[in-house]
$ cat structure_4.cif   # mmCIF, C-alpha atoms
data_start
#
loop_
_atom_site.label_atom_id
_atom_site.label_comp_id
_atom_site.auth_asym_id
_atom_site.auth_seq_id
_atom_site.Cartn_x
_atom_site.Cartn_y
_atom_site.Cartn_z
CA MET X 99 38.68 40.80 -29.31
CA LYS X 100 39.78 37.61 -27.56
CA LYS X 101 37.23 38.17 -24.76
CA PHE X 102 34.51 38.70 -27.34
CA THR X 103 35.53 35.48 -29.14
CA VAL X 104 35.46 33.49 -25.88
CA LEU X 105 32.05 34.95 -24.98
CA LEU X 106 30.74 34.08 -28.43
CA ALA X 107 32.06 30.52 -28.10
CA LEU X 108 30.38 30.09 -24.69
CA LEU X 109 27.12 31.48 -26.02
CA ALA X 110 27.25 29.09 -28.97
CA THR X 111 27.90 26.20 -26.57
CA PHE X 112 24.82 26.99 -24.47
CA ILE X 113 22.71 27.27 -27.61
CA VAL X 114 23.95 24.02 -29.11
CA MET X 115 23.86 21.92 -25.91
CA PRO X 116 20.05 21.80 -25.64
CA LEU X 117 19.93 20.55 -29.24
CA HIS X 118 21.94 17.51 -28.15
CA ALA X 119 20.13 17.07 -24.84
CA GLN X 120 18.40 13.75 -24.41
CA PHE X 121 14.86 13.31 -23.13
CA LYS X 122 13.83 9.83 -22.07
CA PHE X 123 10.78 8.29 -20.45
CA GLY X 124 10.62 4.96 -18.70
CA ILE X 125 9.42 2.92 -15.77
CA GLU X 126 11.14 2.40 -12.44
CA GLY X 127 10.63 -0.08 -9.62
CA GLY X 128 12.47 -1.58 -6.69
CA LEU X 129 12.60 -2.43 -3.01
CA ASN X 130 12.30 -0.27 0.10
CA LEU X 131 14.21 -1.27 3.21
CA ASN X 132 13.15 1.05 6.03
CA LYS X 133 13.70 1.23 9.78
CA PRO X 134 11.68 3.66 11.94
CA ASN X 135 13.55 5.71 14.52
CA VAL X 136 11.49 6.44 17.66
CA GLU X 137 12.38 6.82 21.35
CA ASN X 138 11.32 4.05 23.79
CA PHE X 139 10.57 1.63 20.96
CA LYS X 140 12.61 -1.09 19.35
CA SER X 141 12.43 -0.96 15.57
CA GLN X 142 13.09 -3.59 12.96
CA ASN X 143 14.04 -3.46 9.30
CA ALA X 144 11.04 -4.01 7.05
CA THR X 145 10.81 -4.52 3.30
CA GLY X 146 8.41 -2.85 0.88
CA TRP X 147 8.38 -1.94 -2.80
CA PHE X 148 7.78 0.92 -5.25
CA VAL X 149 6.92 1.36 -8.93
CA GLY X 150 5.98 4.15 -11.33
CA PRO X 151 6.81 6.24 -14.42
CA LYS X 152 10.05 8.17 -14.72
CA ALA X 153 11.44 10.91 -17.00
CA GLN X 154 14.95 12.27 -17.41
CA PHE X 155 16.73 15.12 -19.17
CA THR X 156 20.46 14.72 -19.84
CA ILE X 157 23.15 16.90 -21.42
CA PRO X 158 25.69 14.30 -22.69
CA VAL X 159 28.60 16.75 -23.13
CA LEU X 160 28.55 17.73 -19.45
CA GLY X 161 27.29 14.44 -18.03
CA LEU X 162 24.66 16.34 -16.06
CA GLY X 163 21.01 15.50 -15.92
CA ILE X 164 17.78 15.85 -14.01
CA ASP X 165 15.29 13.07 -13.49
CA GLY X 166 11.95 12.81 -11.76
CA ALA X 167 9.40 10.10 -11.05
CA ILE X 168 5.91 9.56 -9.66
CA LEU X 169 6.04 6.37 -7.61
CA TYR X 170 3.52 4.32 -5.69
CA SER X 171 5.58 3.27 -2.68
CA GLN X 172 4.80 0.79 0.09
CA LYS X 173 6.83 1.07 3.30
CA ASN X 174 6.35 -0.46 6.73
CA MET X 175 6.33 0.60 10.35
CA ASN X 176 7.47 -2.28 12.52
CA ILE X 177 8.21 -1.33 16.15
CA ASN X 178 7.83 -2.88 19.61
CA LEU X 179 7.67 -1.45 23.12
CA ASN X 180 10.96 -1.59 25.02
CA ASP X 181 9.39 -1.97 28.45
CA ASP X 182 6.14 -2.81 30.21
CA LEU X 183 4.35 0.56 30.21
CA GLU X 184 0.91 1.30 31.63
CA GLY X 185 0.30 -2.41 32.05
CA ILE X 186 0.88 -3.03 28.35
CA ALA X 187 2.75 -6.24 27.67
CA GLU X 188 6.20 -6.13 26.12
CA SER X 189 4.75 -7.93 23.12
CA ALA X 190 2.69 -4.84 22.22
CA SER X 191 3.75 -3.68 18.77
CA ILE X 192 2.95 -1.72 15.64
CA ASP X 193 3.21 -3.58 12.36
CA LYS X 194 1.64 -1.44 9.65
CA LYS X 195 1.97 -1.20 5.88
CA LEU X 196 2.24 2.44 4.79
CA SER X 197 1.20 3.56 1.30
CA TYR X 198 2.73 6.67 -0.29
CA ILE X 199 2.94 8.59 -3.53
CA ASP X 200 6.62 9.60 -3.75
CA ILE X 201 7.88 12.33 -6.10
CA PRO X 202 11.71 12.36 -6.18
CA ILE X 203 13.58 14.95 -8.27
CA ASN X 204 17.31 14.32 -8.58
CA LEU X 205 20.32 16.07 -10.08
CA LYS X 206 22.54 13.40 -11.66
CA TYR X 207 26.15 13.36 -12.76
CA ASN X 208 26.91 10.62 -15.26
CA ILE X 209 30.35 9.19 -16.01
CA GLY X 210 30.53 7.02 -19.13
CA PHE X 211 33.21 4.37 -19.44
CA SER X 212 31.93 3.36 -22.87
CA SER X 213 28.79 3.62 -24.98
CA LEU X 214 27.46 0.57 -23.13
CA LEU X 215 28.43 1.20 -19.51
CA GLY X 216 28.73 4.08 -17.06
CA VAL X 217 28.06 5.12 -13.49
CA TYR X 218 26.12 7.96 -11.91
CA ILE X 219 25.74 9.80 -8.62
CA ALA X 220 22.46 11.49 -7.78
CA THR X 221 21.02 13.73 -5.10
CA GLY X 222 17.88 15.76 -4.64
CA PRO X 223 14.65 16.35 -2.70
CA GLN X 224 11.64 14.07 -2.43
CA TYR X 225 8.04 14.92 -1.60
CA SER X 226 5.94 12.07 -0.17
CA TRP X 227 2.15 12.06 0.15
CA TYR X 228 0.74 9.51 2.58
CA ILE X 229 -2.48 7.86 1.33
CA GLY X 230 -3.15 5.30 4.07
CA ASP X 231 -4.95 5.34 7.43
CA LYS X 232 -4.32 8.61 9.25
CA ASN X 233 -4.52 7.10 12.76
CA PHE X 234 -3.90 3.63 14.12
CA GLY X 235 -2.80 2.00 17.35
CA LEU X 236 -0.66 -0.53 19.16
CA ASN X 237 -1.66 -4.17 19.12
CA GLY X 238 -1.15 -6.44 22.10
CA ASP X 239 -2.43 -9.97 22.56
CA GLY X 240 -4.53 -9.51 19.44
CA GLU X 241 -6.37 -6.43 20.77
CA SER X 242 -6.16 -2.80 19.70
CA LEU X 243 -4.76 -0.50 22.40
CA GLY X 244 -6.09 2.76 20.99
CA ASP X 245 -5.22 5.05 18.10
CA ILE X 246 -1.96 6.52 19.40
CA VAL X 247 -0.16 6.89 16.05
CA ALA X 248 -0.89 9.99 13.95
CA MET X 249 0.64 9.90 10.45
CA ASN X 250 1.75 13.09 8.71
CA THR X 251 -0.11 13.39 5.40
CA SER X 252 3.01 14.76 3.66
CA SER X 253 6.72 14.81 4.29
CA PHE X 254 9.99 15.96 2.73
CA SER X 255 13.23 14.03 2.52
CA TRP X 256 16.56 14.09 0.69
CA ASN X 257 17.94 11.38 -1.59
CA VAL X 258 21.59 10.42 -2.08
CA GLY X 259 22.36 7.60 -4.49
CA VAL X 260 24.78 5.86 -6.83
CA GLY X 261 24.20 3.50 -9.70
CA ILE X 262 25.07 2.05 -13.08
CA ASN X 263 23.87 3.01 -16.57
CA ALA X 264 23.98 0.05 -18.95
CA PHE X 265 23.16 -0.49 -22.63
CA SER X 266 21.72 3.06 -22.97
CA HIS X 267 18.40 1.94 -21.45
CA LEU X 268 18.97 0.15 -18.13
CA GLN X 269 19.68 1.83 -14.78
CA LEU X 270 20.55 -0.01 -11.55
CA GLY X 271 21.05 1.95 -8.34
CA VAL X 272 21.00 2.24 -4.57
CA THR X 273 19.52 5.27 -2.79
CA TYR X 274 19.48 6.39 0.84
CA ASN X 275 16.46 8.53 1.72
CA ILE X 276 17.06 10.94 4.64
CA PRO X 277 13.91 12.33 6.32
CA LEU X 278 13.95 16.12 6.80
CA GLY X 279 10.94 16.02 9.11
CA ASN X 280 8.79 13.59 11.03
CA THR X 281 6.92 10.68 9.48
CA ALA X 282 4.45 10.37 12.35
CA GLU X 283 3.82 11.10 16.04
CA ILE X 284 3.05 8.68 18.85
CA ASP X 285 0.95 10.12 21.66
CA GLY X 286 -1.60 8.88 24.20
CA LEU X 287 0.61 6.81 26.52
CA SER X 288 0.35 8.79 29.76
CA THR X 289 3.73 7.68 31.12
CA LEU X 290 5.51 8.90 27.98
CA LYS X 291 5.80 12.26 26.27
CA LYS X 292 4.77 12.69 22.65
CA MET X 293 7.31 10.94 20.41
CA ASP X 294 8.37 11.74 16.86
CA VAL X 295 8.85 8.98 14.30
CA LYS X 296 11.39 9.26 11.48
CA ASN X 297 11.36 6.55 8.83
CA ASN X 298 14.84 6.11 7.34
CA ASN X 299 14.78 4.28 4.03
CA TRP X 300 17.21 2.45 1.73
CA GLN X 301 16.11 1.74 -1.83
CA VAL X 302 17.36 -0.69 -4.46
CA ARG X 303 16.05 0.54 -7.81
CA VAL X 304 15.86 -0.63 -11.42
CA ALA X 305 14.69 1.56 -14.31
CA TYR X 306 14.23 0.93 -18.02
CA MET X 307 14.29 4.07 -20.18
CA PHE X 308 12.75 3.93 -23.66
#
$ encode --input "structure_4.cif" --output "structure tokens"
Amino acid sequence: MKKFTVLLALLATFIVMPLHAQFKFGIEGGLNLNKPNVENFKSQNATGWFVGPKAQFTIPVLGLGIDGAILYSQKNMNINLNDDLEGIAESASIDKKLSYIDIPINLKYNIGFSSLLGVYIATGPQYSWYIGDKNFGLNGDGESLGDIVAMNTSSFSWNVGVGINAFSHLQLGVTYNIPLGNTAEIDGLSTLKKMDVKNNNWQVRVAYMF
């Protein structure tokens, strides 16, 4: 009888919880700080931005939630040759703005300190669709040195982040985006093998949920 009562209570909980679940829609934006990782090249931190609509589903009793967004995201590839290769000057570089549509989906755990303030941790996958130039090259002394960079049209990554929930509508957070595959390939320099590019990315994000 006790087992049946416990089972009934659990069943009632799972039925009632969705009734108290919260659905919210909003807009999110922020800054990208990314640094490409590629052999034989020096890379530099570069700043971009992102913006787009966001939706979230939260179960207040458990503090768990899922959110997703569709973001227009601008990142940068800023790298320079380490050495003089194939007669190319050391000043040869790639400085390119990269445009993406990012779709992050995160599982969130919310901890509320009061009705006005709380914190969250979030993690989940992200699909990115590249919408810029597929191929481009190094630049040296103002001249193009050939299309040696081939961008991947899509990529997967994993997000890990923390943040603050404030006033029931505002979210402030920091996210680290870990690439699970390559962002691009560099090929065409005869003295070097084909090189993979991974674009690691930090994000500072602000969202307002209606």
$ residues_near_point --input "structure_4.cif" --point "(4.6, 2.6, -5.7)" --cutoff "9 Å" --atoms "only C-alpha atoms" --output "count of residues only"
15
$ residues_around --input "structure_4.cif" --residues "Val258 of chain X" --least-positions-apart "4" --cutoff "8 Å" --atoms "all atoms listed in the file" --output "PyMOL selection string"
chain X and resi 219-222+273-275
$ write_last_selection --input "structure_4.cif" --atoms "C-alpha atoms" --output "mmCIF file, in the coordinates of the input"
data_model
loop_
_atom_site.group_PDB
_atom_site.id
_atom_site.type_symbol
_atom_site.label_atom_id
_atom_site.label_comp_id
_atom_site.auth_asym_id
_atom_site.auth_seq_id
_atom_site.Cartn_x
_atom_site.Cartn_y
_atom_site.Cartn_z
ATOM 1 C CA ILE X 219 25.740 9.800 -8.620
ATOM 2 C CA ALA X 220 22.460 11.490 -7.780
ATOM 3 C CA THR X 221 21.020 13.730 -5.100
ATOM 4 C CA GLY X 222 17.880 15.760 -4.640
ATOM 5 C CA THR X 273 19.520 5.270 -2.790
ATOM 6 C CA TYR X 274 19.480 6.390 0.840
ATOM 7 C CA ASN X 275 16.460 8.530 1.720
#
$ axis_aligned_box --input "structure_4.cif" --around "segment 122-134 of chain X" --padding-each-side "6 Å" --output "lines of an AutoDock Vina configuration file"
center_x = 11.8
center_y = 3.7
center_z = -5.1
size_x = 16.8
size_y = 24.3
size_z = 46.0
$ closest_residue --input "structure_4.cif" --among "X:Ser141, X:Thr156, X:Asn297, X:Ser266" --to "Ala282 of chain X" --atoms "all atoms listed in the file"
X:Asn297
$ atom_distance --input "structure_4.cif" --atom1 "atom CA of Leu129 of chain X" --atom2 "atom CA of Pro277 of chain X"
17.5 Å
$ closest_residue --input "structure_4.cif" --among "X:Gly235, X:Gly124, X:Pro158, X:Gly279" --to "Asn250 of chain X" --atoms "all atoms listed in the file"
X:Gly279
$ closest_residue --input "structure_4.cif" --among "X:Gly261, X:Gly146, X:Pro202, X:Gly271" --to "Ser226 of chain X" --atoms "only C-alpha atoms"
X:Pro202
$ residues_around --input "structure_4.cif" --residues "Leu205 of chain X" --least-positions-apart "5" --cutoff "12 Å" --atoms "all atoms listed in the file" --output "compact mmCIF listing (two decimals) with C-alpha atoms, in the coordinates of the input"
# COMPACT_ATOMS: atom_id res chain seq x y z
CA GLN X 154 14.95 12.27 -17.41
CA PHE X 155 16.73 15.12 -19.17
CA THR X 156 20.46 14.72 -19.84
CA ILE X 157 23.15 16.90 -21.42
CA GLY X 161 27.29 14.44 -18.03
CA LEU X 162 24.66 16.34 -16.06
CA GLY X 163 21.01 15.50 -15.92
CA ILE X 164 17.78 15.85 -14.01
CA ASP X 165 15.29 13.07 -13.49
CA GLY X 166 11.95 12.81 -11.76
CA TYR X 218 26.12 7.96 -11.91
CA ILE X 219 25.74 9.80 -8.62
CA ALA X 220 22.46 11.49 -7.78
CA THR X 221 21.02 13.73 -5.10
CA GLY X 222 17.88 15.76 -4.64
CA PRO X 223 14.65 16.35 -2.70
CA GLN X 224 11.64 14.07 -2.43
CA TRP X 256 16.56 14.09 0.69
CA ASN X 257 17.94 11.38 -1.59
CA VAL X 258 21.59 10.42 -2.08
CA GLY X 259 22.36 7.60 -4.49
CA VAL X 260 24.78 5.86 -6.83
$ resolve_selection --input "structure_4.cif" --expression "the PyMOL selection byres ((chain X and resi 140) around 9)" --output "count of residues only"
13
$ atom_distance --input "structure_4.cif" --atom1 "atom CA of Arg303 of chain X" --atom2 "atom CA of Glu126 of chain X"
7.0 Å
